[in-house]
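What follows is final04.csv (CSV, C-alpha atoms and all ligand atoms).
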```csv
chain,number,residue,atom,x,y,z
P,21,MET,CA,27.4,23.8,13.8
P,22,LYS,CA,26.2,21.3,11.2
P,23,MET,CA,22.4,21.1,11.4
P,24,LYS,CA,20.6,17.8,10.7
P,25,PRO,CA,18.1,18.1,7.8
P,26,MET,CA,14.6,18.9,8.9
P,27,PRO,CA,11.9,17.6,8.8
P,28,ARG,CA,13.3,14.1,8.2
P,29,ILE,CA,12.3,10.5,8.3
P,30,GLU,CA,15.1,8.4,9.7
P,31,ILE,CA,15.2,4.9,8.1
P,32,GLN,CA,17.2,2.2,9.8
P,33,LEU,CA,18.1,-0.1,7.0
P,34,ASP,CA,19.6,-2.9,9.2
P,35,LYS,CA,16.2,-3.2,11.0
P,36,ILE,CA,14.3,-3.5,7.7
P,37,ARG,CA,16.8,-6.1,6.5
P,38,HIS,CA,16.4,-8.1,9.7
P,39,ASN,CA,12.6,-8.0,9.5
P,40,ALA,CA,12.7,-9.2,5.8
P,41,GLN,CA,15.1,-12.0,6.6
P,42,ILE,CA,13.0,-13.3,9.5
P,43,LEU,CA,9.7,-13.1,7.6
P,44,LYS,CA,11.3,-14.8,4.6
P,45,GLY,CA,12.5,-17.7,6.8
P,46,LEU,CA,9.2,-18.0,8.5
P,47,CYS,CA,7.2,-18.1,5.3
P,48,GLU,CA,9.6,-20.4,3.5
P,49,ALA,CA,9.4,-22.9,6.3
P,50,LYS,CA,5.7,-23.2,5.3
P,51,GLY,CA,6.5,-23.4,1.6
P,52,ILE,CA,5.4,-19.8,0.9
P,53,THR,CA,7.6,-17.3,-1.0
P,54,VAL,CA,7.6,-13.6,-0.1
P,55,THR,CA,6.9,-10.8,-2.5
P,56,GLY,CA,8.2,-7.6,-0.9
P,57,VAL,CA,5.7,-4.7,-1.3
P,58,VAL,CA,7.6,-1.4,-1.6
P,59,LYS,CA,4.8,0.9,-2.5
P,60,GLY,CA,4.6,2.2,1.1
P,61,VAL,CA,8.1,3.6,0.8
P,62,CYS,CA,7.7,5.1,-2.7
P,63,ALA,CA,9.9,2.3,-4.1
P,64,ASP,CA,12.9,3.9,-2.5
P,65,PRO,CA,16.0,2.3,-4.1
P,66,GLN,CA,18.0,2.1,-0.8
P,67,ILE,CA,15.2,0.4,1.0
P,68,VAL,CA,14.5,-1.9,-2.0
P,69,ASN,CA,18.2,-2.9,-1.9
P,70,THR,CA,17.8,-4.0,1.7
P,71,PHE,CA,15.0,-6.3,0.6
P,72,ILE,CA,17.2,-7.7,-2.1
P,73,GLU,CA,20.1,-8.2,0.4
P,74,ALA,CA,17.6,-10.1,2.6
P,75,GLY,CA,17.1,-12.5,-0.3
P,76,ILE,CA,13.7,-11.1,-1.5
P,77,THR,CA,13.9,-11.1,-5.3
P,78,SER,CA,10.2,-10.5,-6.1
P,79,LEU,CA,9.0,-6.9,-5.5
P,80,ALA,CA,5.6,-5.3,-5.9
P,81,VAL,CA,4.4,-1.7,-6.3
P,82,SER,CA,1.1,0.0,-7.1
P,83,LYS,CA,2.2,2.7,-9.6
P,84,THR,CA,3.7,2.4,-13.0
P,85,ILE,CA,6.0,5.3,-12.2
P,86,HIS,CA,7.5,3.1,-9.4
P,87,LEU,CA,8.0,0.2,-11.9
P,88,GLU,CA,9.9,2.6,-14.1
P,89,LYS,CA,12.0,3.9,-11.1
P,90,LEU,CA,13.0,0.4,-10.2
P,91,ARG,CA,13.9,-0.5,-13.7
P,92,LYS,CA,16.0,2.7,-14.0
P,93,ALA,CA,17.8,1.8,-10.7
P,94,ASN,CA,18.6,-1.5,-12.3
P,95,ILE,CA,17.0,-3.4,-9.5
P,96,GLN,CA,17.5,-7.1,-10.1
P,97,ALA,CA,14.1,-8.5,-9.1
P,98,THR,CA,10.8,-9.7,-10.6
P,99,LEU,CA,8.6,-6.6,-10.6
P,100,THR,CA,4.8,-7.0,-10.1
P,101,LEU,CA,2.1,-4.3,-10.4
P,102,LEU,CA,-0.2,-5.2,-7.6
P,103,ARG,CA,-3.1,-3.0,-8.6
P,104,THR,CA,-5.1,-3.8,-11.7
P,105,PRO,CA,-3.9,-1.4,-14.4
P,106,GLY,CA,-5.9,1.5,-15.7
P,107,LEU,CA,-6.4,1.5,-19.5
P,108,THR,CA,-4.2,4.5,-19.7
P,109,GLU,CA,-1.3,2.6,-18.0
P,110,VAL,CA,-1.3,-0.4,-20.2
P,111,GLN,CA,1.7,0.6,-22.4
P,112,ASN,CA,4.0,1.2,-19.4
P,113,VAL,CA,2.8,-1.9,-17.6
P,114,VAL,CA,3.8,-4.1,-20.4
P,115,LYS,CA,7.1,-2.1,-20.8
P,116,PHE,CA,8.1,-2.1,-17.1
P,117,ALA,CA,6.3,-4.9,-15.2
P,118,ASP,CA,7.1,-8.6,-15.4
P,119,ILE,CA,3.7,-9.4,-13.9
P,120,SER,CA,0.5,-7.4,-13.2
P,121,MET,CA,-2.5,-8.3,-11.0
P,122,ASN,CA,-5.7,-8.1,-12.9
P,123,SER,CA,-9.5,-8.3,-12.5
P,124,GLU,CA,-11.0,-6.8,-15.7
P,125,ILE,CA,-11.2,-8.5,-19.0
P,126,LYS,CA,-11.3,-5.1,-20.9
P,127,VAL,CA,-7.9,-4.3,-19.3
P,128,ILE,CA,-6.4,-7.7,-20.0
P,129,ARG,CA,-7.5,-7.4,-23.7
P,130,ALA,CA,-5.7,-4.1,-23.9
P,131,LEU,CA,-2.6,-5.7,-22.2
P,132,SER,CA,-2.8,-8.5,-24.8
P,133,GLU,CA,-2.8,-6.0,-27.7
P,134,GLU,CA,0.0,-4.0,-26.2
P,135,ALA,CA,2.1,-7.1,-25.5
P,136,ILE,CA,1.8,-8.1,-29.2
P,137,ARG,CA,2.8,-4.5,-30.2
P,138,GLN,CA,5.8,-4.7,-27.9
P,139,GLU,CA,6.6,-8.3,-29.0
P,140,LYS,CA,6.4,-9.6,-25.4
P,141,VAL,CA,4.4,-12.1,-23.4
P,142,HIS,CA,2.9,-10.3,-20.4
P,143,LYS,CA,2.3,-12.3,-17.3
P,144,ILE,CA,-0.8,-11.8,-15.2
P,145,ILE,CA,-2.1,-12.9,-11.8
P,146,ILE,CA,-5.9,-13.0,-11.8
P,147,MET,CA,-7.3,-11.5,-8.5
P,148,VAL,CA,-10.2,-13.3,-6.9
P,149,GLU,CA,-12.7,-11.5,-4.6
P,150,MET,CA,-12.9,-13.5,-1.4
P,151,GLY,CA,-15.1,-11.0,0.5
P,152,ASP,CA,-13.0,-8.0,1.4
P,153,LEU,CA,-14.7,-6.0,-1.4
P,154,ARG,CA,-11.7,-4.4,-3.0
P,155,GLU,CA,-10.4,-5.9,-6.3
P,156,GLY,CA,-11.1,-9.4,-7.7
P,157,VAL,CA,-13.3,-11.5,-9.9
P,158,MET,CA,-16.2,-13.1,-8.1
P,159,PRO,CA,-15.6,-16.8,-7.6
P,160,LYS,CA,-18.7,-17.8,-9.5
P,161,ASP,CA,-17.5,-15.8,-12.5
P,162,LEU,CA,-13.9,-17.1,-12.4
P,163,PRO,CA,-14.2,-20.1,-14.9
P,164,ASP,CA,-15.8,-18.0,-17.6
P,165,PHE,CA,-13.3,-15.2,-17.0
P,166,ILE,CA,-10.3,-17.6,-17.3
P,167,ARG,CA,-11.8,-19.1,-20.4
P,168,GLU,CA,-11.8,-15.6,-22.0
P,169,VAL,CA,-8.3,-14.8,-20.9
P,170,LEU,CA,-6.9,-18.0,-22.3
P,171,LYS,CA,-8.0,-17.0,-25.7
P,172,LEU,CA,-5.8,-13.8,-25.6
P,173,PRO,CA,-2.4,-13.9,-27.3
P,174,GLY,CA,0.5,-12.3,-25.6
P,175,ILE,CA,-0.9,-13.0,-22.1
P,176,GLU,CA,0.2,-15.8,-19.8
P,177,ILE,CA,-1.8,-16.5,-16.6
P,178,VAL,CA,1.0,-17.2,-14.0
P,179,GLY,CA,-1.2,-17.1,-10.9
P,180,LEU,CA,-4.3,-16.5,-8.9
P,181,GLY,CA,-4.3,-14.1,-6.0
P,182,THR,CA,-6.5,-12.7,-3.3
P,183,ASN,CA,-6.3,-10.1,-0.6
P,184,PHE,CA,-7.8,-9.7,2.9
P,185,ALA,CA,-8.2,-6.9,5.4
P,186,CYS,CA,-7.4,-4.2,2.8
P,187,PHE,CA,-10.8,-2.6,2.5
P,188,GLY,CA,-13.7,-4.5,4.2
P,189,GLY,CA,-11.5,-5.8,7.1
P,190,VAL,CA,-12.3,-9.4,6.1
P,191,LEU,CA,-9.8,-11.7,7.8
P,192,PRO,CA,-7.8,-14.5,6.3
P,193,THR,CA,-9.2,-17.1,8.6
P,194,GLU,CA,-8.4,-20.8,8.2
P,195,GLU,CA,-11.8,-21.3,6.6
P,196,LYS,CA,-11.3,-18.5,4.1
P,197,MET,CA,-7.9,-19.7,3.2
P,198,GLN,CA,-9.1,-23.2,2.7
P,199,GLU,CA,-12.0,-21.9,0.6
P,200,PHE,CA,-9.5,-20.0,-1.6
P,201,SER,CA,-7.2,-23.0,-1.9
P,202,ALA,CA,-10.2,-25.3,-2.9
P,203,LEU,CA,-11.2,-22.7,-5.6
P,204,VAL,CA,-7.6,-22.6,-6.9
P,205,GLN,CA,-7.4,-26.3,-7.1
P,206,LYS,CA,-10.7,-26.6,-8.9
P,207,ILE,CA,-9.5,-24.0,-11.5
P,208,LYS,CA,-6.2,-25.7,-11.9
P,209,ASN,CA,-7.9,-29.0,-12.6
P,210,GLN,CA,-10.6,-27.6,-14.9
P,211,PHE,CA,-8.1,-25.8,-17.1
P,212,SER,CA,-5.0,-27.9,-16.6
P,213,LEU,CA,-3.2,-24.7,-15.5
P,214,HIS,CA,0.2,-24.8,-13.9
P,215,LEU,CA,-0.1,-21.6,-11.8
P,216,PRO,CA,3.4,-21.1,-10.3
P,217,ILE,CA,2.0,-18.2,-8.1
P,218,VAL,CA,-0.9,-18.6,-5.8
P,219,SER,CA,-0.8,-15.5,-3.7
P,220,GLY,CA,-2.8,-15.7,-0.5
P,221,GLY,CA,-2.7,-12.1,0.8
P,222,ASN,CA,-0.6,-9.7,2.7
P,223,SER,CA,0.6,-8.7,6.2
P,224,ALA,CA,-2.8,-9.7,7.5
P,225,ASN,CA,-2.0,-13.3,6.8
P,226,ILE,CA,1.0,-13.6,9.2
P,227,ASN,CA,-1.0,-15.2,12.0
P,228,TRP,CA,-2.5,-17.7,9.6
P,229,ILE,CA,0.9,-18.6,8.2
P,230,MET,CA,2.3,-19.1,11.7
P,231,GLU,CA,-0.6,-21.1,12.9
P,232,THR,CA,-1.8,-23.2,10.0
P,233,ASP,CA,-0.8,-26.8,9.5
P,234,ASP,CA,-1.8,-26.8,5.9
P,235,VAL,CA,-1.2,-23.9,3.6
P,236,GLY,CA,-3.1,-25.7,0.8
P,237,ALA,CA,-2.5,-24.3,-2.6
P,238,ILE,CA,-1.0,-21.0,-1.4
P,239,ASN,CA,2.6,-20.5,-2.2
P,240,ASN,CA,3.1,-16.8,-2.0
P,241,VAL,CA,2.3,-13.7,0.1
P,242,CYS,CA,2.9,-10.0,-0.7
P,243,LEU,CA,4.3,-8.4,2.5
P,244,GLY,CA,4.7,-4.6,3.0
P,245,GLU,CA,3.9,-3.5,6.5
P,246,ALA,CA,5.1,-6.7,8.2
P,247,ILE,CA,8.6,-6.1,6.8
P,248,LEU,CA,8.7,-2.3,7.2
P,249,LEU,CA,7.0,-1.9,10.5
P,250,GLY,CA,7.2,-5.3,12.0
P,251,ARG,CA,3.4,-5.6,12.4
P,252,GLU,CA,0.7,-8.0,11.2
P,253,THR,CA,-2.3,-6.1,10.1
P,254,ALA,CA,-5.2,-8.4,10.9
P,255,ASN,CA,-5.2,-7.3,14.6
P,256,GLY,CA,-2.5,-4.7,14.4
P,257,LYS,CA,-0.1,-6.7,16.7
P,258,LEU,CA,3.7,-6.5,16.7
P,259,ILE,CA,5.3,-9.6,15.2
P,260,PRO,CA,7.7,-11.2,17.7
P,261,ASN,CA,11.4,-10.8,17.0
P,262,LEU,CA,10.9,-8.0,14.5
P,263,PHE,CA,11.8,-4.4,14.8
P,264,PRO,CA,8.8,-2.0,14.9
P,265,ASP,CA,10.9,1.1,14.8
P,266,ALA,CA,12.8,1.1,11.5
P,267,PHE,CA,11.2,4.4,10.7
P,268,LYS,CA,11.2,7.5,12.9
P,269,PHE,CA,9.9,10.9,11.9
P,270,VAL,CA,11.7,14.0,13.3
P,271,ALA,CA,10.2,17.5,13.2
P,272,GLU,CA,11.5,20.8,14.4
P,273,VAL,CA,9.9,23.0,17.0
P,274,ILE,CA,9.1,26.5,15.7
P,275,GLU,CA,7.1,27.9,18.5
P,276,ALA,CA,6.8,27.0,22.2
P,277,LYS,CA,4.7,29.2,24.5
P,278,GLN,CA,2.2,29.1,27.3
P,279,LYS,CA,-1.3,29.6,25.7
P,280,PRO,CA,-4.9,29.1,26.7
P,281,SER,CA,-6.2,25.7,25.8
P,282,PHE,CA,-9.5,27.2,24.4
P,283,PRO,CA,-9.6,29.5,21.3
P,284,PHE,CA,-10.6,33.0,22.2
P,285,GLY,CA,-12.9,35.1,19.9
P,286,TYR,CA,-15.9,34.4,17.7
P,287,ARG,CA,-15.4,31.0,16.0
P,288,GLY,CA,-16.3,29.7,12.5
P,289,ARG,CA,-14.7,26.9,10.6
P,290,ASN,CA,-10.9,26.3,10.2
P,291,ALA,CA,-8.8,26.2,7.0
P,292,PHE,CA,-10.0,22.7,6.3
P,293,GLY,CA,-13.7,23.5,6.8
P,294,GLU,CA,-13.9,21.8,10.2
P,295,SER,CA,-15.3,22.8,13.5
P,296,ILE,CA,-12.9,21.4,16.1
P,297,GLU,CA,-13.9,20.7,19.6
P,298,PHE,CA,-11.6,22.0,22.3
P,299,GLN,CA,-11.6,21.3,26.0
P,300,GLU,CA,-11.0,24.0,28.6
P,301,GLN,CA,-7.9,23.0,30.5
P,302,GLY,CA,-6.5,26.4,31.5
P,303,TRP,CA,-3.1,27.4,30.2
P,304,THR,CA,-1.1,24.8,28.3
P,305,ASN,CA,2.3,24.3,27.0
P,306,HIS,CA,1.6,25.0,23.4
P,307,ILE,CA,4.1,23.6,20.9
P,308,LEU,CA,4.2,24.0,17.1
P,309,VAL,CA,6.3,21.9,14.7
P,310,SER,CA,7.0,22.9,11.1
P,311,VAL,CA,5.1,20.2,9.3
P,312,GLY,CA,1.4,19.6,8.7
P,313,ARG,CA,-1.2,17.9,6.6
P,314,GLN,CA,0.6,18.7,3.4
P,315,ASP,CA,3.5,16.6,4.5
P,316,VAL,CA,2.1,13.8,6.6
P,317,PHE,CA,-1.0,11.8,7.5
P,318,VAL,CA,-1.1,13.4,11.0
P,319,PRO,CA,-3.4,10.9,12.7
P,320,GLY,CA,-0.8,8.2,12.0
P,321,LEU,CA,1.8,9.9,14.1
P,322,THR,CA,2.5,9.0,17.7
P,323,PRO,CA,4.8,11.4,19.6
P,324,MET,CA,7.6,9.4,21.3
P,325,LYS,CA,7.5,11.7,24.4
P,326,PRO,CA,4.4,12.3,26.5
P,327,LEU,CA,3.0,15.1,24.3
P,328,LYS,CA,-0.4,15.3,22.8
P,329,ILE,CA,-1.2,16.2,19.2
P,330,ILE,CA,-4.2,18.6,19.3
P,331,GLY,CA,-4.5,19.1,15.5
P,332,ALA,CA,-2.9,20.3,12.4
P,333,SER,CA,-3.1,22.8,9.5
P,334,SER,CA,-1.3,22.4,6.2
P,335,ASP,CA,2.1,23.3,7.6
P,336,HIS,CA,1.8,23.1,11.4
P,337,ILE,CA,1.1,20.4,13.9
P,338,VAL,CA,-0.2,21.9,17.2
P,339,MET,CA,0.6,20.0,20.3
P,340,ASP,CA,0.0,20.1,24.0
P,341,GLY,CA,3.5,19.7,25.4
P,342,LYS,CA,2.3,18.7,28.9
P,343,ASN,CA,5.4,19.0,31.1
P,344,ILE,CA,8.0,18.8,28.3
P,345,GLN,CA,10.2,21.9,28.0
P,346,VAL,CA,11.3,22.6,24.5
P,347,GLN,CA,12.3,25.7,22.5
P,348,PRO,CA,12.6,26.6,18.8
P,349,GLY,CA,15.1,24.4,17.1
P,350,ASP,CA,14.5,21.4,19.3
P,351,GLU,CA,13.6,18.1,17.7
P,352,ILE,CA,10.4,16.1,18.4
P,353,MET,CA,10.3,12.5,17.4
P,354,PHE,CA,7.3,10.5,16.2
P,355,ALA,CA,6.5,6.9,15.5
P,356,PRO,CA,4.7,6.7,12.1
P,357,ASN,CA,2.1,4.1,11.3
P,358,TYR,CA,1.8,2.7,7.8
P,359,GLY,CA,-0.3,5.7,6.6
P,360,ALA,CA,2.1,8.2,8.0
P,361,MET,CA,5.1,6.4,6.7
P,362,LEU,CA,3.5,6.3,3.2
P,363,SER,CA,2.8,10.0,3.2
P,364,LEU,CA,6.2,10.9,4.6
P,365,MET,CA,8.1,8.7,2.0
P,366,SER,CA,6.0,10.2,-0.8
P,367,SER,CA,6.4,13.8,0.3
P,368,PRO,CA,9.1,15.9,-1.5
P,369,TYR,CA,9.2,18.1,1.6
P,370,ILE,CA,10.6,15.4,3.9
P,371,HIS,CA,14.3,14.6,4.0
P,372,LYS,CA,15.0,10.9,3.9
P,373,THR,CA,17.9,9.9,6.2
P,374,TYR,CA,19.4,6.4,6.1
P,375,ILE,CA,21.0,4.8,9.1
P,376,GLU,CA,22.9,1.5,9.0
P,377,TYR,CA,24.3,0.0,12.2
P,378,LYS,CA,26.8,-2.6,11.1
P,379,GLY,CA,27.1,-4.2,14.6
P,380,SER,CA,24.4,-6.2,16.2
P,381,LYS,CA,23.7,-3.6,18.9
P,382,HIS,CA,20.3,-2.0,18.8
P,383,GLU,CA,19.0,0.5,21.4
P,384,LYS,CA,17.2,-1.0,24.4
P,385,GLN,CA,14.9,-3.2,22.4
P,386,SER,CA,12.6,-4.1,25.2
P,387,SER,CA,11.6,-0.5,26.0
P,388,VAL,CA,11.3,0.3,22.3
P,389,TYR,CA,9.0,-2.7,21.9
P,390,SER,CA,6.8,-1.7,24.9
P,391,PHE,CA,6.4,1.9,23.5
P,392,TYR,CA,5.2,0.6,20.2
P,393,LYS,CA,3.0,-2.0,21.7
P,394,HIS,CA,1.2,0.4,24.0
P,395,ASN,CA,1.0,3.5,21.8
P,396,ASN,CA,0.6,2.2,18.3
P,397,GLU,CA,-1.2,-1.0,18.4
P,398,ASN,CA,-4.5,0.0,17.0
P,399,LYS,CA,-3.5,2.8,14.6
P,400,ILE,CA,-4.2,1.0,11.4
P,401,ILE,CA,-5.7,2.6,8.4
P,402,GLN,CA,-7.2,1.2,5.2
P,403,ARG,CA,-5.2,1.5,2.0
U,1,LIG,C1,-2.6,-6.6,-3.6
U,1,LIG,C2,-1.8,-6.2,-2.4
U,1,LIG,N1,-1.0,-7.1,-1.8
U,1,LIG,C3,-0.3,-6.8,-0.7
U,1,LIG,C4,-0.2,-5.6,-0.2
U,1,LIG,C5,0.7,-5.3,1.0
U,1,LIG,O1,-0.1,-5.2,2.1
U,1,LIG,P1,0.7,-5.2,3.6
U,1,LIG,O2,1.4,-3.9,3.6
U,1,LIG,O3,-0.4,-5.3,4.5
U,1,LIG,O4,1.5,-6.4,3.6
U,1,LIG,C6,-1.0,-4.6,-0.7
U,1,LIG,C7,-1.1,-3.2,-0.2
U,1,LIG,O5,-0.1,-2.6,0.1
U,1,LIG,C8,-1.8,-4.9,-1.9
U,1,LIG,O6,-2.6,-4.0,-2.4
```

As structure tokens, what does this structure read like?
Amino acid sequence: MKMKPMPRIEIQLDKIRHNAQILKGLCEAKGITVTGVVKGVCADPQIVNTFIEAGITSLAVSKTIHLEKLRKANIQATLTLLRTPGLTEVQNVVKFADISMNSEIKVIRALSEEAIRQEKVHKIIIMVEMGDLREGVMPKDLPDFIREVLKLPGIEIVGLGTNFACFGGVLPTEEKMQEFSALVQKIKNQFSLHLPIVSGGNSANINWIMETDDVGAINNVCLGEAILLGRETANGKLIPNLFPDAFKFVAEVIEAKQKPSFPFGYRGRNAFGESIEFQEQGWTNHILVSVGRQDVFVPGLTPMKPLKIIGASSDHIVMDGKNIQVQPGDEIMFAPNYGAMLSLMSSPYIHKTYIEYKGSKHEKQSSVYSFYKHNNENKIIQR
């Protein structure tokens, strides 16, 4: 009998393509282009190709190694580094990126010197801090900052950008977006800048895009999670008409036994230095699968059957199987959130399996939707 690879992440490409097409249409109807963020899938070329097939020709990653990977795969798209580069990365950024997002003058000076060395003009988007407290130049410092950048040869400012709900959870409200637009307009006027890219955020901006009557100066968003997992990240809600289940994680049962629910013997800390609390529930249906914290961000997994994850060590997830009967060799399927997807796609220990349904038929969409809605809605992590 031919065994399926284990553990594996199943990636349904047609669902990702569908999500990308719908979001592209939705944003373009408001005059906003979509940059597809593929860092969450380790810049996987097959997934990247589905973005391109959906008409998304601007892609963003957060690691120079991913820029190089996309160049080597001959991906025909504009490539942006969406994290301000480290000084040690400058050479590869100029070599492999079309555009990088930046917030430090020291780094931009280094990019300028490197661009001259490589006989190139390197394009940059200057990131603006609008309150979320990750990257960005403070608005009050922006004019002086831009004045300095404009002096640098080999550097072209092609845009201004900002980000919301990535660290501090600050939301892209109508007021915030108007404030950013007004700032952009002021800078454009002050420096007679063209600024082809004004990037207003990420998957947390979906509600704003759908609801606003006036996108102001914003003409771009960088979308990762919305395309990959069909979810807006401001409230963690599913986006109507998108597939939330393009990614499924499948692990193999390696032990299934009746065991006490409470550890027996003197207790100290576990392998991760933690003291876990257990509840006495008598004997339970104890299930182990052959993956652990080395492979996946375990809190980001939701079992697709009524099982409960109790905890995990490096190479095991321990579950209370409730009334589910399984035996070694059986498969247990999980819905990954963004953090779990990111770890699974980055792990060399997880097989990547691609599925492509050519027809229009997808499995009972309404029950799938309600599973994700009820189980996964609030499982969002910072990144
Ligand atoms: C600068 C920037 N823009 C956009 C994104 C994409 O975010 P999301 O997956 O919420 O769309 C990220 C993070 O992945 C980011 O760091």

For Asn122 of chain P, work out the shell of residues within 6 Å, counting all atoms listed in the file and skipping chain neighbours fewer than 3 positions away, then give it as a list in words. Thr104, Ile146 and Met147 of chain P

Test item: residues no farther than 9 Å from ligand LIG 1 (chain U), counting all atoms listed in the file, as a PyMOL selection string: chain P and resi 55-60+80-82+101-104+121+147+155+181-186+219-225+241-248+251-254+358+403

12 Å contact set for Glu133 of chain P, only C-alpha atoms, chain neighbours under 4 positions out, as a VMD selection string: chain P and resid 107 110 to 111 114 126 to 129 137 to 142 172 to 175

Can those selected residues be exported to a file as an mmCIF file, in the coordinates of the input so that it contains C-alpha atoms?
```cif
data_model
loop_
_atom_site.group_PDB
_atom_site.id
_atom_site.type_symbol
_atom_site.label_atom_id
_atom_site.label_comp_id
_atom_site.auth_asym_id
_atom_site.auth_seq_id
_atom_site.Cartn_x
_atom_site.Cartn_y
_atom_site.Cartn_z
ATOM 1 C CA LEU P 107 -6.400 1.500 -19.500
ATOM 2 C CA VAL P 110 -1.300 -0.400 -20.200
ATOM 3 C CA GLN P 111 1.700 0.600 -22.400
ATOM 4 C CA VAL P 114 3.800 -4.100 -20.400
ATOM 5 C CA LYS P 126 -11.300 -5.100 -20.900
ATOM 6 C CA VAL P 127 -7.900 -4.300 -19.300
ATOM 7 C CA ILE P 128 -6.400 -7.700 -20.000
ATOM 8 C CA ARG P 129 -7.500 -7.400 -23.700
ATOM 9 C CA ARG P 137 2.800 -4.500 -30.200
ATOM 10 C CA GLN P 138 5.800 -4.700 -27.900
ATOM 11 C CA GLU P 139 6.600 -8.300 -29.000
ATOM 12 C CA LYS P 140 6.400 -9.600 -25.400
ATOM 13 C CA VAL P 141 4.400 -12.100 -23.400
ATOM 14 C CA HIS P 142 2.900 -10.300 -20.400
ATOM 15 C CA LEU P 172 -5.800 -13.800 -25.600
ATOM 16 C CA PRO P 173 -2.400 -13.900 -27.300
ATOM 17 C CA GLY P 174 0.500 -12.300 -25.600
ATOM 18 C CA ILE P 175 -0.900 -13.000 -22.100
#
```

The distance between atom CA of Val54 of chain P and atom CA of Thr373 of chain P is 26.4 Å

As a ChimeraX atom specification, please: the residues near Ala276 of chain P (cut-off 9 Å, all atoms listed in the file, same-chain neighbours under 2 positions excluded). /P:273-274,278,305-308,341,345-348

Can you work out the spacing between atom CA of Thr193 of chain P and atom CA of Leu43 of chain P in Å, to one decimal?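 Those two atoms sit 19.3 Å apart.
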
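A straight line drawn from atom CA of Ile136 of chain P to atom CA of Thr98 of chain P is 20.7 Å long.
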
Given only C-alpha atoms as the basis, pick out the residue of P:Ile296, P:Val270, P:Val338, P:Ile229 nearest to Phe354 of chain P. P:Val270

Which polymer residues, protein or nucleic acid, are no farther than 9 Å from (1.0, 20.6, 4.2), counting all atoms listed in the file, as a PDB file with C-alpha atoms, in the frame of the given file?
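Dumped everything to out_34.pdb:
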```pdb
ATOM      1  CA  VAL P 311       5.100  20.200   9.300  1.00  0.00           C
ATOM      2  CA  GLY P 312       1.400  19.600   8.700  1.00  0.00           C
ATOM      3  CA  ARG P 313      -1.200  17.900   6.600  1.00  0.00           C
ATOM      4  CA  GLN P 314       0.600  18.700   3.400  1.00  0.00           C
ATOM      5  CA  ASP P 315       3.500  16.600   4.500  1.00  0.00           C
ATOM      6  CA  VAL P 316       2.100  13.800   6.600  1.00  0.00           C
ATOM      7  CA  SER P 333      -3.100  22.800   9.500  1.00  0.00           C
ATOM      8  CA  SER P 334      -1.300  22.400   6.200  1.00  0.00           C
ATOM      9  CA  ASP P 335       2.100  23.300   7.600  1.00  0.00           C
ATOM     10  CA  HIS P 336       1.800  23.100  11.400  1.00  0.00           C
ATOM     11  CA  TYR P 369       9.200  18.100   1.600  1.00  0.00           C
TER      12      TYR P 369
END
```

Rank nothing, just name the residue among P:Cys47, P:Leu33, P:Met26, P:Glu300 nearest to Asn240 of chain P, using only C-alpha atoms. P:Cys47

Please determine, counting all atoms listed in the file, which residue among P:Met23, P:Ile72, P:Ile31, P:Ala332 has the shortest atom-to-atom distance to Glu376 of chain P.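 For Glu376 of chain P, the nearest of the given residues is P:Ile31.
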
Distance query Glu88 of chain P at most 12 Å, only C-alpha atoms, self and fewer than 3 positions along chain excluded, as a ChimeraX atom specification: /P:62-63,65,81-85,91-95,99-101,109,111-118

Tell me which of P:Pro356, P:Gly302, P:Pro264, P:Pro105 sits closest to Lys279 of chain P, counting only C-alpha atoms. P:Gly302

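Of the residues under consideration (P:Gln32, P:Ser123, P:Asn209, P:Ser281), P:Gln32 shows the shortest atom-to-atom contact distance to Leu249 of chain P when counting only C-alpha atoms.
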
Which residue gives the smallest distance to Ile177 of chain P among P:Ile207, P:Leu362, P:Leu327, P:Leu90, with all atoms listed in the file counted?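 Once distances to Ile177 of chain P are computed over all atoms listed in the file, the minimum belongs to P:Ile207.
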
If you count only C-alpha atoms, which residues fall within 6 Å of Lys35 of chain P, apart from same-chain ones fewer than 3 positions away, as number ranges by chain? P: 32, 38, 263, 266
